[in-house]
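Q: mmCIF, C-alpha atoms, file data_1.cif:
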data_model
loop_
_atom_site.label_atom_id
_atom_site.label_comp_id
_atom_site.auth_asym_id
_atom_site.auth_seq_id
_atom_site.Cartn_x
_atom_site.Cartn_y
_atom_site.Cartn_z
CA MET N 211 0.00 0.00 0.00
CA GLU N 212 1.32 3.44 -0.92
CA ARG N 213 0.70 6.69 0.89
CA GLU N 214 1.29 10.16 -0.54
CA VAL N 215 3.28 12.38 1.81
CA SER N 216 4.63 15.89 1.57
CA ALA N 217 8.43 15.69 1.71
CA LYS N 218 10.77 17.25 -0.81
CA ILE N 219 13.87 15.22 0.06
CA ARG N 220 14.54 11.51 -0.53
CA LEU N 221 17.65 9.97 0.96
CA TYR N 222 19.22 6.55 0.50
CA VAL N 223 20.53 5.04 3.74
CA GLU N 224 22.56 1.90 4.37
CA HIS N 225 20.63 0.86 7.45
CA PRO N 226 17.67 -1.51 7.78
CA LEU N 227 14.45 0.46 8.17
CA GLY N 228 11.52 -0.09 10.51
CA GLU N 229 8.93 1.88 12.41
CA ALA N 230 10.29 3.95 15.34
CA GLN N 231 13.89 3.09 14.44
CA THR N 232 16.59 5.74 14.81
CA LEU N 233 19.14 6.30 12.05
CA PRO N 234 22.53 7.98 12.45
CA LEU N 235 23.55 10.29 9.61
CA SER N 236 27.00 10.35 8.10
CA ARG N 237 28.97 13.57 7.87
CA GLU N 238 28.21 13.81 4.14
CA GLN N 239 24.48 13.25 4.66
CA SER N 240 24.43 15.81 7.46
CA HIS N 241 26.17 18.37 5.26
CA TYR N 242 23.63 17.76 2.51
CA LEU N 243 20.57 17.96 4.76
CA PHE N 244 21.61 20.77 7.10
CA GLY N 245 24.13 22.73 5.07
CA VAL N 246 22.79 22.45 1.54
CA MET N 247 19.07 21.84 1.99
CA ARG N 248 18.77 23.94 5.19
CA GLN N 249 16.78 21.31 7.08
CA GLY N 250 16.54 21.22 10.85
CA ALA N 251 15.13 19.27 13.78
CA GLY N 252 11.47 18.46 13.25
CA ASP N 253 11.61 18.49 9.45
CA HIS N 254 10.49 15.45 7.49
CA LEU N 255 12.07 13.53 4.62
CA LEU N 256 11.70 10.20 2.85
CA VAL N 257 14.32 7.47 3.24
CA PHE N 258 14.88 4.10 1.58
CA ASP N 259 17.47 1.36 1.86
CA GLY N 260 16.87 -0.56 -1.36
CA LYS N 261 15.44 -3.51 0.59
CA SER N 262 12.41 -2.49 2.65
CA GLY N 263 10.64 0.19 0.65
CA GLU N 264 10.29 3.89 1.36
CA TRP N 265 9.69 5.42 4.80
CA LEU N 266 8.80 8.78 6.24
CA ALA N 267 11.37 10.00 8.76
CA GLN N 268 11.79 13.01 11.01
CA ILE N 269 15.01 14.79 11.90
CA GLU N 270 15.64 14.45 15.63
CA GLN N 271 19.14 15.88 15.83
CA ALA N 272 20.88 18.22 13.39
CA GLY N 273 24.59 19.02 13.61
CA LYS N 274 27.42 20.04 11.30
CA ARG N 275 29.14 16.69 11.57
CA GLY N 276 26.24 14.36 12.21
CA GLY N 277 22.60 13.97 12.99
CA MET N 278 19.85 11.53 13.81
CA LEU N 279 16.61 10.54 12.11
CA ARG N 280 13.62 8.68 13.50
CA VAL N 281 11.60 6.48 11.15
CA LEU N 282 7.87 7.14 11.44
CA GLU N 283 5.97 4.96 8.95
CA GLN N 284 6.27 3.18 5.63
CA THR N 285 4.99 5.15 2.65
CA ARG N 286 5.71 2.66 -0.16
CA PRO N 287 6.72 -1.00 -0.30
CA LEU N 288 9.81 -2.18 -2.10
CA ARG N 289 9.28 -2.36 -5.84
CA ILE N 290 11.81 -4.67 -7.45
CA PRO N 291 12.42 -4.07 -11.17
CA PRO N 292 12.33 -6.87 -13.76
CA ASP N 293 15.32 -9.21 -13.78
CA LEU N 294 17.14 -7.19 -16.42
CA TRP N 295 20.87 -6.49 -16.60
CA LEU N 296 22.51 -3.79 -18.67
CA MET N 297 25.94 -4.62 -20.07
CA PHE N 298 27.73 -1.73 -21.75
CA ALA N 299 31.22 -0.69 -22.81
CA PRO N 300 32.40 2.36 -20.82
CA ILE N 301 32.96 5.53 -22.78
CA LYS N 302 33.88 9.07 -21.76
CA LYS N 303 33.40 9.78 -18.06
CA ALA N 304 30.34 12.05 -18.22
CA ARG N 305 28.59 9.83 -20.75
CA THR N 306 29.30 6.68 -18.72
CA ASP N 307 27.77 8.46 -15.73
CA PHE N 308 24.74 9.23 -17.89
CA ILE N 309 24.32 5.57 -18.88
CA VAL N 310 24.38 4.43 -15.25
CA GLU N 311 21.91 7.12 -14.16
CA LYS N 312 19.44 6.35 -16.94
CA ALA N 313 19.77 2.59 -16.44
CA ALA N 314 18.78 3.04 -12.79
CA GLU N 315 15.85 5.26 -13.78
CA LEU N 316 14.66 2.87 -16.49
CA GLY N 317 14.60 -0.17 -14.23
CA ALA N 318 17.80 -2.14 -14.75
CA ALA N 319 18.38 -4.52 -11.86
CA ARG N 320 22.14 -4.81 -12.42
CA ILE N 321 24.63 -2.72 -14.38
CA ILE N 322 27.75 -4.40 -15.77
CA PRO N 323 30.51 -2.40 -17.49
CA VAL N 324 32.20 -4.67 -20.04
CA GLN N 325 35.52 -4.48 -21.84
CA THR N 326 35.22 -5.40 -25.51
CA ALA N 327 37.80 -5.46 -28.28
CA PHE N 328 37.17 -1.80 -29.14
CA THR N 329 36.44 -0.43 -25.66
CA ASN N 330 38.48 2.74 -25.13
CA ALA N 331 38.21 2.91 -21.33
CA GLY N 332 40.42 0.37 -19.59
CA ARG N 333 39.21 1.11 -16.07
CA ILE N 334 36.24 2.52 -14.19
CA GLN N 335 35.59 3.98 -10.75
CA ARG N 336 32.95 1.56 -9.53
CA ASP N 337 32.23 3.44 -6.30
CA ARG N 338 31.57 6.66 -8.21
CA LEU N 339 29.25 4.89 -10.66
CA GLN N 340 27.42 3.21 -7.77
CA ALA N 341 26.92 6.63 -6.20
CA HIS N 342 25.34 7.83 -9.47
CA ALA N 343 22.94 4.87 -9.36
CA VAL N 344 21.98 5.81 -5.80
CA GLU N 345 21.43 9.44 -6.75
CA ALA N 346 19.27 8.42 -9.70
CA ALA N 347 17.09 6.26 -7.45
CA GLU N 348 16.75 9.14 -4.99
CA GLN N 349 15.68 11.55 -7.73
CA CYS N 350 13.27 9.31 -9.66
CA GLY N 351 11.36 7.94 -6.68
CA GLY N 352 12.75 4.42 -6.92
CA THR N 353 12.92 2.12 -3.91
CA PHE N 354 15.55 -0.21 -5.41
CA VAL N 355 19.18 0.59 -6.25
CA PRO N 356 20.85 -1.54 -8.94
CA GLU N 357 24.31 -2.92 -8.29
CA VAL N 358 27.12 -1.59 -10.48
CA THR N 359 29.79 -4.25 -10.89
CA ASP N 360 33.49 -4.00 -11.59
CA LEU N 361 34.61 -3.91 -15.22
CA GLN N 362 34.43 -7.38 -16.76
CA LYS N 363 35.92 -8.70 -19.99
CA LEU N 364 33.22 -9.71 -22.44
CA PRO N 365 34.77 -13.08 -23.46
CA ALA N 366 35.10 -14.20 -19.84
CA LEU N 367 31.57 -13.00 -19.07
CA LEU N 368 30.17 -15.03 -21.95
CA ASP N 369 32.27 -18.08 -20.97
CA GLY N 370 30.56 -18.26 -17.59
CA TRP N 371 27.12 -17.21 -18.80
CA ASN N 372 23.98 -18.89 -17.44
CA THR N 373 22.11 -19.71 -20.65
CA GLY N 374 18.81 -19.31 -18.83
CA ARG N 375 19.35 -15.56 -19.09
CA ARG N 376 18.70 -14.36 -22.64
CA ILE N 377 20.79 -11.60 -24.18
CA MET N 378 19.33 -8.77 -26.23
CA PHE N 379 22.34 -8.13 -28.46
CA CYS N 380 22.13 -4.63 -29.94
CA ASP N 381 23.98 -5.13 -33.22
CA GLU N 382 24.74 -1.93 -35.11
CA ALA N 383 25.42 -4.05 -38.20
CA ALA N 384 21.94 -5.60 -38.17
CA PRO N 385 19.55 -4.24 -40.80
CA ALA N 386 16.70 -2.05 -39.61
CA GLY N 387 13.77 -4.24 -38.70
CA ALA N 388 16.04 -7.07 -37.56
CA PRO N 389 14.30 -9.85 -35.61
CA VAL N 390 12.26 -8.54 -32.72
CA LEU N 391 12.49 -9.91 -29.22
CA PRO N 392 10.78 -13.23 -28.59
CA ASP N 393 7.87 -13.18 -26.17
CA ALA N 394 9.95 -14.83 -23.47
CA PRO N 395 9.64 -13.38 -19.96
CA GLY N 396 12.31 -14.20 -17.44
CA PRO N 397 15.92 -13.15 -16.90
CA TRP N 398 17.39 -10.97 -19.66
CA ALA N 399 20.45 -8.84 -20.30
CA VAL N 400 20.85 -5.97 -22.76
CA LEU N 401 24.29 -5.72 -24.39
CA ILE N 402 25.47 -2.40 -25.86
CA GLY N 403 28.74 -2.17 -27.76
CA PRO N 404 31.45 0.51 -27.65
CA GLU N 405 31.73 3.57 -29.86
CA GLY N 406 33.76 1.53 -32.37
CA GLY N 407 31.19 -1.23 -32.47
CA PHE N 408 31.69 -4.95 -31.90
CA SER N 409 34.58 -6.75 -33.56
CA ASP N 410 33.87 -9.36 -36.22
CA ALA N 411 34.91 -12.09 -33.78
CA GLU N 412 32.59 -10.79 -31.05
CA ARG N 413 29.68 -10.46 -33.48
CA THR N 414 30.25 -13.99 -34.79
CA ARG N 415 30.34 -15.43 -31.30
CA LEU N 416 27.23 -13.59 -30.15
CA ARG N 417 25.29 -14.58 -33.24
CA GLY N 418 26.22 -18.19 -32.59
CA LEU N 419 24.67 -18.24 -29.12
CA SER N 420 21.17 -19.71 -28.97
CA HIS N 421 20.28 -17.44 -26.03
CA ALA N 422 21.45 -14.23 -27.76
CA HIS N 423 18.95 -12.31 -29.87
CA PRO N 424 20.34 -9.63 -32.23
CA VAL N 425 18.17 -6.55 -32.64
CA SER N 426 18.45 -3.30 -34.54
CA LEU N 427 17.96 0.06 -32.85
CA GLY N 428 16.80 1.71 -36.06
CA PRO N 429 18.25 3.09 -39.28
CA ARG N 430 20.49 5.71 -37.64
CA ILE N 431 23.82 5.15 -35.89
CA LEU N 432 23.32 5.99 -32.23
CA ARG N 433 25.88 7.15 -29.71
CA ALA N 434 26.56 4.52 -27.09
CA ASP N 435 24.73 6.44 -24.35
CA THR N 436 21.71 7.02 -26.60
CA ALA N 437 21.74 3.35 -27.60
CA ALA N 438 21.60 2.26 -23.96
CA VAL N 439 18.49 4.36 -23.30
CA ALA N 440 16.84 3.22 -26.55
CA ALA N 441 17.56 -0.46 -25.85
CA LEU N 442 16.27 -0.38 -22.28
CA THR N 443 13.13 1.43 -23.44
CA LEU N 444 12.58 -1.15 -26.19
CA TRP N 445 12.96 -4.05 -23.77
CA GLN N 446 10.76 -2.50 -21.09
CA GLN N 447 8.02 -1.82 -23.62
CA ALA N 448 8.15 -5.37 -25.00
CA LEU N 449 8.83 -7.51 -21.93
CA GLY N 450 9.22 -5.34 -18.83
CA ASP N 451 6.96 -3.67 -16.30
CA TRP N 452 5.71 -1.00 -18.70
CA ILE N 453 3.23 -3.40 -20.28
#
Could you write out this structure as C-alpha cells?
A:
Amino acid sequence: MEREVSAKIRLYVEHPLGEAQTLPLSREQSHYLFGVMRQGAGDHLLVFDGKSGEWLAQIEQAGKRGGMLRVLEQTRPLRIPPDLWLMFAPIKKARTDFIVEKAAELGAARIIPVQTAFTNAGRIQRDRLQAHAVEAAEQCGGTFVPEVTDLQKLPALLDGWNTGRRIMFCDEAAPAGAPVLPDAPGPWAVLIGPEGGFSDAERTRLRGLSHAHPVSLGPRILRADTAAVAALTLWQQALGDWI
C-alpha cells in the first residue's frame, strides 16, 4: 500500500528500516541535509534502503558533523524491477555516468561495465558509478538501487554465462527491422557495444549463441549512451513492467 506524503527530500541510507527506528547520519548526509538543503530538527524527509521500501522519517538531531533521524511509517513498499541487466562498454566519463543514471531510472536490476575489443576505457571507478545509481534512485522515486559491478571482460563474461538468461544483443550491423524480441519473460540482459562497435569475432560469437537475440535500434547510428536508453526502453516496452 502506498501513501502520498509531503516531503521534498529523498535519501538513501545503508541501514535496515523499521517503524520507530533511529538512524545515524554520516557527515556527508548531514552536510547535505543541514548545510545544503537547510533542514533542521522536526523536518520530514523520505528514506529508503533498497530492501524495505520507502519510509517517512523526522530529523531528531541536526549538527554540522552528524545527525539523527527517527523512522515514522512506511509510505511505499519495495518495488523490485524486472530481472534485467545492462551490459555496456564504458565511454567518456560524463557519458558513462549518464548511462548508469538512466539505467537506474529505467529499471535495470544490475549494471555491468564490459571491456570489448574496441572499448576505449580500460578502467572505471565503480564506487563513483554506484553513487550515481543511488542518486538516480533518490531523484526518480525508486525504492531499489541496482548494483554496479566492476569492469568485466566480455569473453570471460560469456564463458561463464547462465544460458537461462537471454541476451538482447544490440547489433549496429543488423539491418533495420532485424528480428524482434521473442515473447519470453524471465531473466534478460541488454548488451550495448562501444563507440567503435563490436569486432567481427565478437559479433560472430554472439550470433552463434542460442540465447542471444540480435536486434536493430533503427536506421540511424546511435551514440553509445543514446543506444543504452533506446535499448532499455525497447525491452521494457516489450517484456518489462511497462506493459
Q: Within 8 Å of Arg289 in chain N, counting only C-alpha atoms, which residues show up once you throw out same-chain ones fewer than 4 positions away? Write them as a VMD selection string, please.
A: chain N and resid 263 352 to 354
Q: Taking only residues of range 270-358 of chain N that have an atom at most 10 Å from an atom of range 217-227 of chain N, what is each one's shortest atom pair and its distance in Å to one decimal, using only C-alpha atoms, in chain and number order, as JSON lines?
A:
{"residue": "N:Arg280", "atom": "CA", "partner": "N:Leu227", "partner_atom": "CA", "distance": 9.8}
{"residue": "N:Val281", "atom": "CA", "partner": "N:Leu227", "partner_atom": "CA", "distance": 7.3}
{"residue": "N:Leu282", "atom": "CA", "partner": "N:Leu227", "partner_atom": "CA", "distance": 9.9}
{"residue": "N:Glu283", "atom": "CA", "partner": "N:Leu227", "partner_atom": "CA", "distance": 9.6}
{"residue": "N:Gln284", "atom": "CA", "partner": "N:Leu227", "partner_atom": "CA", "distance": 9.0}
{"residue": "N:Val344", "atom": "CA", "partner": "N:Tyr222", "partner_atom": "CA", "distance": 6.9}
{"residue": "N:Glu345", "atom": "CA", "partner": "N:Tyr222", "partner_atom": "CA", "distance": 8.1}
{"residue": "N:Ala347", "atom": "CA", "partner": "N:Tyr222", "partner_atom": "CA", "distance": 8.2}
{"residue": "N:Glu348", "atom": "CA", "partner": "N:Arg220", "partner_atom": "CA", "distance": 5.5}
{"residue": "N:Gln349", "atom": "CA", "partner": "N:Arg220", "partner_atom": "CA", "distance": 7.3}
{"residue": "N:Cys350", "atom": "CA", "partner": "N:Arg220", "partner_atom": "CA", "distance": 9.5}
{"residue": "N:Gly351", "atom": "CA", "partner": "N:Arg220", "partner_atom": "CA", "distance": 7.8}
{"residue": "N:Gly352", "atom": "CA", "partner": "N:Arg220", "partner_atom": "CA", "distance": 9.7}
{"residue": "N:Thr353", "atom": "CA", "partner": "N:Tyr222", "partner_atom": "CA", "distance": 8.9}
{"residue": "N:Phe354", "atom": "CA", "partner": "N:Tyr222", "partner_atom": "CA", "distance": 9.7}
{"residue": "N:Val355", "atom": "CA", "partner": "N:Tyr222", "partner_atom": "CA", "distance": 9.0}
Q: Take the residues from that selection and write them out as a PDB file, keeping the file's coordinate frame, keeping C-alpha atoms.
A:
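Resulting contents of part.pdb:
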ATOM      1  CA  ARG N 280      13.620   8.680  13.500  1.00  0.00           C
ATOM      2  CA  VAL N 281      11.600   6.480  11.150  1.00  0.00           C
ATOM      3  CA  LEU N 282       7.870   7.140  11.440  1.00  0.00           C
ATOM      4  CA  GLU N 283       5.970   4.960   8.950  1.00  0.00           C
ATOM      5  CA  GLN N 284       6.270   3.180   5.630  1.00  0.00           C
ATOM      6  CA  VAL N 344      21.980   5.810  -5.800  1.00  0.00           C
ATOM      7  CA  GLU N 345      21.430   9.440  -6.750  1.00  0.00           C
ATOM      8  CA  ALA N 347      17.090   6.260  -7.450  1.00  0.00           C
ATOM      9  CA  GLU N 348      16.750   9.140  -4.990  1.00  0.00           C
ATOM     10  CA  GLN N 349      15.680  11.550  -7.730  1.00  0.00           C
ATOM     11  CA  CYS N 350      13.270   9.310  -9.660  1.00  0.00           C
ATOM     12  CA  GLY N 351      11.360   7.940  -6.680  1.00  0.00           C
ATOM     13  CA  GLY N 352      12.750   4.420  -6.920  1.00  0.00           C
ATOM     14  CA  THR N 353      12.920   2.120  -3.910  1.00  0.00           C
ATOM     15  CA  PHE N 354      15.550  -0.210  -5.410  1.00  0.00           C
ATOM     16  CA  VAL N 355      19.180   0.590  -6.250  1.00  0.00           C
TER      17      VAL N 355
END
Q: Check what the PyMOL selection byres ((chain N and resi 381) around 10) selects in the file above and give those residues as a list in words.
A: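 That expression, the PyMOL selection byres ((chain N and resi 381) around 10), corresponds here to Met378, Phe379, Cys380, Glu382, Ala383, Ala384, Pro385, Ala388, Leu401, Ile402, Gly403, Gly407, Phe408, Arg413, Leu416, Arg417, His423, Pro424, Val425, Ser426 and Leu427 of chain N.
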Q: Restricting the output to C-alpha atoms, write the selected residues as a PDB file, keeping the file's coordinate frame.
A:
ATOM      1  CA  MET N 378      19.330  -8.770 -26.230  1.00  0.00           C
ATOM      2  CA  PHE N 379      22.340  -8.130 -28.460  1.00  0.00           C
ATOM      3  CA  CYS N 380      22.130  -4.630 -29.940  1.00  0.00           C
ATOM      4  CA  GLU N 382      24.740  -1.930 -35.110  1.00  0.00           C
ATOM      5  CA  ALA N 383      25.420  -4.050 -38.200  1.00  0.00           C
ATOM      6  CA  ALA N 384      21.940  -5.600 -38.170  1.00  0.00           C
ATOM      7  CA  PRO N 385      19.550  -4.240 -40.800  1.00  0.00           C
ATOM      8  CA  ALA N 388      16.040  -7.070 -37.560  1.00  0.00           C
ATOM      9  CA  LEU N 401      24.290  -5.720 -24.390  1.00  0.00           C
ATOM     10  CA  ILE N 402      25.470  -2.400 -25.860  1.00  0.00           C
ATOM     11  CA  GLY N 403      28.740  -2.170 -27.760  1.00  0.00           C
ATOM     12  CA  GLY N 407      31.190  -1.230 -32.470  1.00  0.00           C
ATOM     13  CA  PHE N 408      31.690  -4.950 -31.900  1.00  0.00           C
ATOM     14  CA  ARG N 413      29.680 -10.460 -33.480  1.00  0.00           C
ATOM     15  CA  LEU N 416      27.230 -13.590 -30.150  1.00  0.00           C
ATOM     16  CA  ARG N 417      25.290 -14.580 -33.240  1.00  0.00           C
ATOM     17  CA  HIS N 423      18.950 -12.310 -29.870  1.00  0.00           C
ATOM     18  CA  PRO N 424      20.340  -9.630 -32.230  1.00  0.00           C
ATOM     19  CA  VAL N 425      18.170  -6.550 -32.640  1.00  0.00           C
ATOM     20  CA  SER N 426      18.450  -3.300 -34.540  1.00  0.00           C
ATOM     21  CA  LEU N 427      17.960   0.060 -32.850  1.00  0.00           C
TER      22      LEU N 427
END
Q: Would you pick out the contacts of Lys312 in chain N at 12 Å or less, using all atoms listed in the file, so that residues sharing its chain but fewer than 6 positions from it are not included, and give the list as a short mmCIF file (atom, residue, chain, number, x, y, z; two decimals) with C-alpha atoms, keeping the file's coordinate frame?
A:
data_model
loop_
_atom_site.label_atom_id
_atom_site.label_comp_id
_atom_site.auth_asym_id
_atom_site.auth_seq_id
_atom_site.Cartn_x
_atom_site.Cartn_y
_atom_site.Cartn_z
CA LEU N 296 22.51 -3.79 -18.67
CA ARG N 305 28.59 9.83 -20.75
CA THR N 306 29.30 6.68 -18.72
CA ALA N 318 17.80 -2.14 -14.75
CA ILE N 321 24.63 -2.72 -14.38
CA LEU N 339 29.25 4.89 -10.66
CA HIS N 342 25.34 7.83 -9.47
CA ALA N 343 22.94 4.87 -9.36
CA VAL N 344 21.98 5.81 -5.80
CA GLU N 345 21.43 9.44 -6.75
CA ALA N 346 19.27 8.42 -9.70
CA ALA N 347 17.09 6.26 -7.45
CA GLN N 349 15.68 11.55 -7.73
CA CYS N 350 13.27 9.31 -9.66
CA PRO N 356 20.85 -1.54 -8.94
CA ASP N 435 24.73 6.44 -24.35
CA THR N 436 21.71 7.02 -26.60
CA ALA N 437 21.74 3.35 -27.60
CA ALA N 438 21.60 2.26 -23.96
CA VAL N 439 18.49 4.36 -23.30
CA ALA N 440 16.84 3.22 -26.55
CA ALA N 441 17.56 -0.46 -25.85
CA LEU N 442 16.27 -0.38 -22.28
CA THR N 443 13.13 1.43 -23.44
#
Q: Rank nothing, just name the residue among N:Ile290, N:Ala299, N:Ala366, N:Met247 nearest to Ser262 in chain N, using only C-alpha atoms.
A: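 That would be N:Ile290, the residue with the smallest distance to Ser262 in chain N.
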Q: Report the residues retrieved by the PyMOL selection byres ((chain N and resi 234) around 10) from the displayed file, expressed as a ChimeraX atom specification.
A: /N:223,225,232-233,235-237,239-240,270-271,276-280
Q: Quick one: residues within 8 Å of Gly428 in chain N, all atoms listed in the file, excluding same-chain residues fewer than 3 positions away - as a list in words?
A: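 Contacts, in chain order: Ala386, Gly387 and Ile431 of chain N.
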Q: Using Å and a single decimal, report how far CA of Pro323 in chain N sits from CA of Gln362 in chain N.
A: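 CA of Gln362 in chain N sits 6.4 Å away from CA of Pro323 in chain N.
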Q: Can you list what the PyMOL selection byres ((chain N and resi 251) around 8) grabs from this structure, as a PyMOL selection string?
A: chain N and resi 249-250+252-253+268-272
Q: Nearest to Ile334 in chain N: which of N:Asp307, N:Glu238, N:Asp393, N:Glu315 is it, counting only C-alpha atoms?
A: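 For Ile334 in chain N, the nearest of the candidates is N:Asp307.
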Q: Which is closest to Thr326 in chain N among N:Gly406, N:Gly374, N:Pro397, N:Pro292, if we use all atoms listed in the file?
A: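 When distances to Thr326 in chain N are compared using all atoms listed in the file, the smallest one comes from N:Gly406.
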Q: Which centre and which edge lengths, in Å to one decimal, describe the axis-aligned box that holds all listed atoms of range 356-363 of chain N after 6 Å is added on each side, as AutoDock Vina command-line options?
A:
--center_x 28.4 --center_y -5.1 --center_z -14.1 --size_x 27.1 --size_y 19.2 --size_z 23.7
Q: Which is closest to Ala399 in chain N among N:Arg415, N:Arg376, N:Arg433, N:His421, if we use all atoms listed in the file?
A: N:Arg376
Q: What would range 377-444 of chain N look like if you wrote it out as an mmCIF file, in the first residue's frame, with C-alpha atoms included, from the block I just posted?
A:
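So the final result, stored in decode.cif, reads:
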data_model
loop_
_atom_site.group_PDB
_atom_site.id
_atom_site.type_symbol
_atom_site.label_atom_id
_atom_site.label_comp_id
_atom_site.auth_asym_id
_atom_site.auth_seq_id
_atom_site.Cartn_x
_atom_site.Cartn_y
_atom_site.Cartn_z
ATOM 1 C CA ILE N 377 20.793 -11.597 -24.180
ATOM 2 C CA MET N 378 19.331 -8.768 -26.233
ATOM 3 C CA PHE N 379 22.344 -8.130 -28.456
ATOM 4 C CA CYS N 380 22.128 -4.631 -29.939
ATOM 5 C CA ASP N 381 23.980 -5.126 -33.225
ATOM 6 C CA GLU N 382 24.737 -1.930 -35.114
ATOM 7 C CA ALA N 383 25.418 -4.052 -38.204
ATOM 8 C CA ALA N 384 21.943 -5.596 -38.170
ATOM 9 C CA PRO N 385 19.550 -4.239 -40.803
ATOM 10 C CA ALA N 386 16.699 -2.048 -39.612
ATOM 11 C CA GLY N 387 13.775 -4.239 -38.703
ATOM 12 C CA ALA N 388 16.037 -7.068 -37.564
ATOM 13 C CA PRO N 389 14.299 -9.851 -35.608
ATOM 14 C CA VAL N 390 12.256 -8.540 -32.722
ATOM 15 C CA LEU N 391 12.494 -9.909 -29.223
ATOM 16 C CA PRO N 392 10.780 -13.233 -28.586
ATOM 17 C CA ASP N 393 7.866 -13.177 -26.167
ATOM 18 C CA ALA N 394 9.946 -14.827 -23.466
ATOM 19 C CA PRO N 395 9.641 -13.383 -19.963
ATOM 20 C CA GLY N 396 12.308 -14.201 -17.444
ATOM 21 C CA PRO N 397 15.916 -13.149 -16.903
ATOM 22 C CA TRP N 398 17.389 -10.974 -19.661
ATOM 23 C CA ALA N 399 20.452 -8.841 -20.301
ATOM 24 C CA VAL N 400 20.852 -5.970 -22.757
ATOM 25 C CA LEU N 401 24.287 -5.716 -24.391
ATOM 26 C CA ILE N 402 25.469 -2.403 -25.864
ATOM 27 C CA GLY N 403 28.739 -2.174 -27.758
ATOM 28 C CA PRO N 404 31.447 0.507 -27.646
ATOM 29 C CA GLU N 405 31.733 3.567 -29.862
ATOM 30 C CA GLY N 406 33.757 1.534 -32.370
ATOM 31 C CA GLY N 407 31.187 -1.233 -32.468
ATOM 32 C CA PHE N 408 31.692 -4.947 -31.903
ATOM 33 C CA SER N 409 34.582 -6.745 -33.557
ATOM 34 C CA ASP N 410 33.867 -9.359 -36.219
ATOM 35 C CA ALA N 411 34.908 -12.091 -33.781
ATOM 36 C CA GLU N 412 32.594 -10.786 -31.049
ATOM 37 C CA ARG N 413 29.684 -10.464 -33.481
ATOM 38 C CA THR N 414 30.253 -13.989 -34.794
ATOM 39 C CA ARG N 415 30.344 -15.429 -31.301
ATOM 40 C CA LEU N 416 27.227 -13.590 -30.150
ATOM 41 C CA ARG N 417 25.288 -14.575 -33.245
ATOM 42 C CA GLY N 418 26.223 -18.185 -32.589
ATOM 43 C CA LEU N 419 24.666 -18.236 -29.120
ATOM 44 C CA SER N 420 21.172 -19.705 -28.972
ATOM 45 C CA HIS N 421 20.283 -17.441 -26.031
ATOM 46 C CA ALA N 422 21.452 -14.232 -27.756
ATOM 47 C CA HIS N 423 18.955 -12.305 -29.868
ATOM 48 C CA PRO N 424 20.339 -9.634 -32.231
ATOM 49 C CA VAL N 425 18.175 -6.552 -32.642
ATOM 50 C CA SER N 426 18.447 -3.302 -34.542
ATOM 51 C CA LEU N 427 17.961 0.060 -32.852
ATOM 52 C CA GLY N 428 16.803 1.705 -36.060
ATOM 53 C CA PRO N 429 18.247 3.092 -39.281
ATOM 54 C CA ARG N 430 20.488 5.706 -37.639
ATOM 55 C CA ILE N 431 23.818 5.151 -35.893
ATOM 56 C CA LEU N 432 23.318 5.995 -32.228
ATOM 57 C CA ARG N 433 25.885 7.153 -29.713
ATOM 58 C CA ALA N 434 26.563 4.524 -27.094
ATOM 59 C CA ASP N 435 24.732 6.438 -24.351
ATOM 60 C CA THR N 436 21.714 7.017 -26.597
ATOM 61 C CA ALA N 437 21.736 3.352 -27.604
ATOM 62 C CA ALA N 438 21.598 2.260 -23.957
ATOM 63 C CA VAL N 439 18.494 4.360 -23.300
ATOM 64 C CA ALA N 440 16.840 3.215 -26.551
ATOM 65 C CA ALA N 441 17.559 -0.456 -25.854
ATOM 66 C CA LEU N 442 16.268 -0.377 -22.283
ATOM 67 C CA THR N 443 13.134 1.426 -23.443
ATOM 68 C CA LEU N 444 12.577 -1.155 -26.189
#
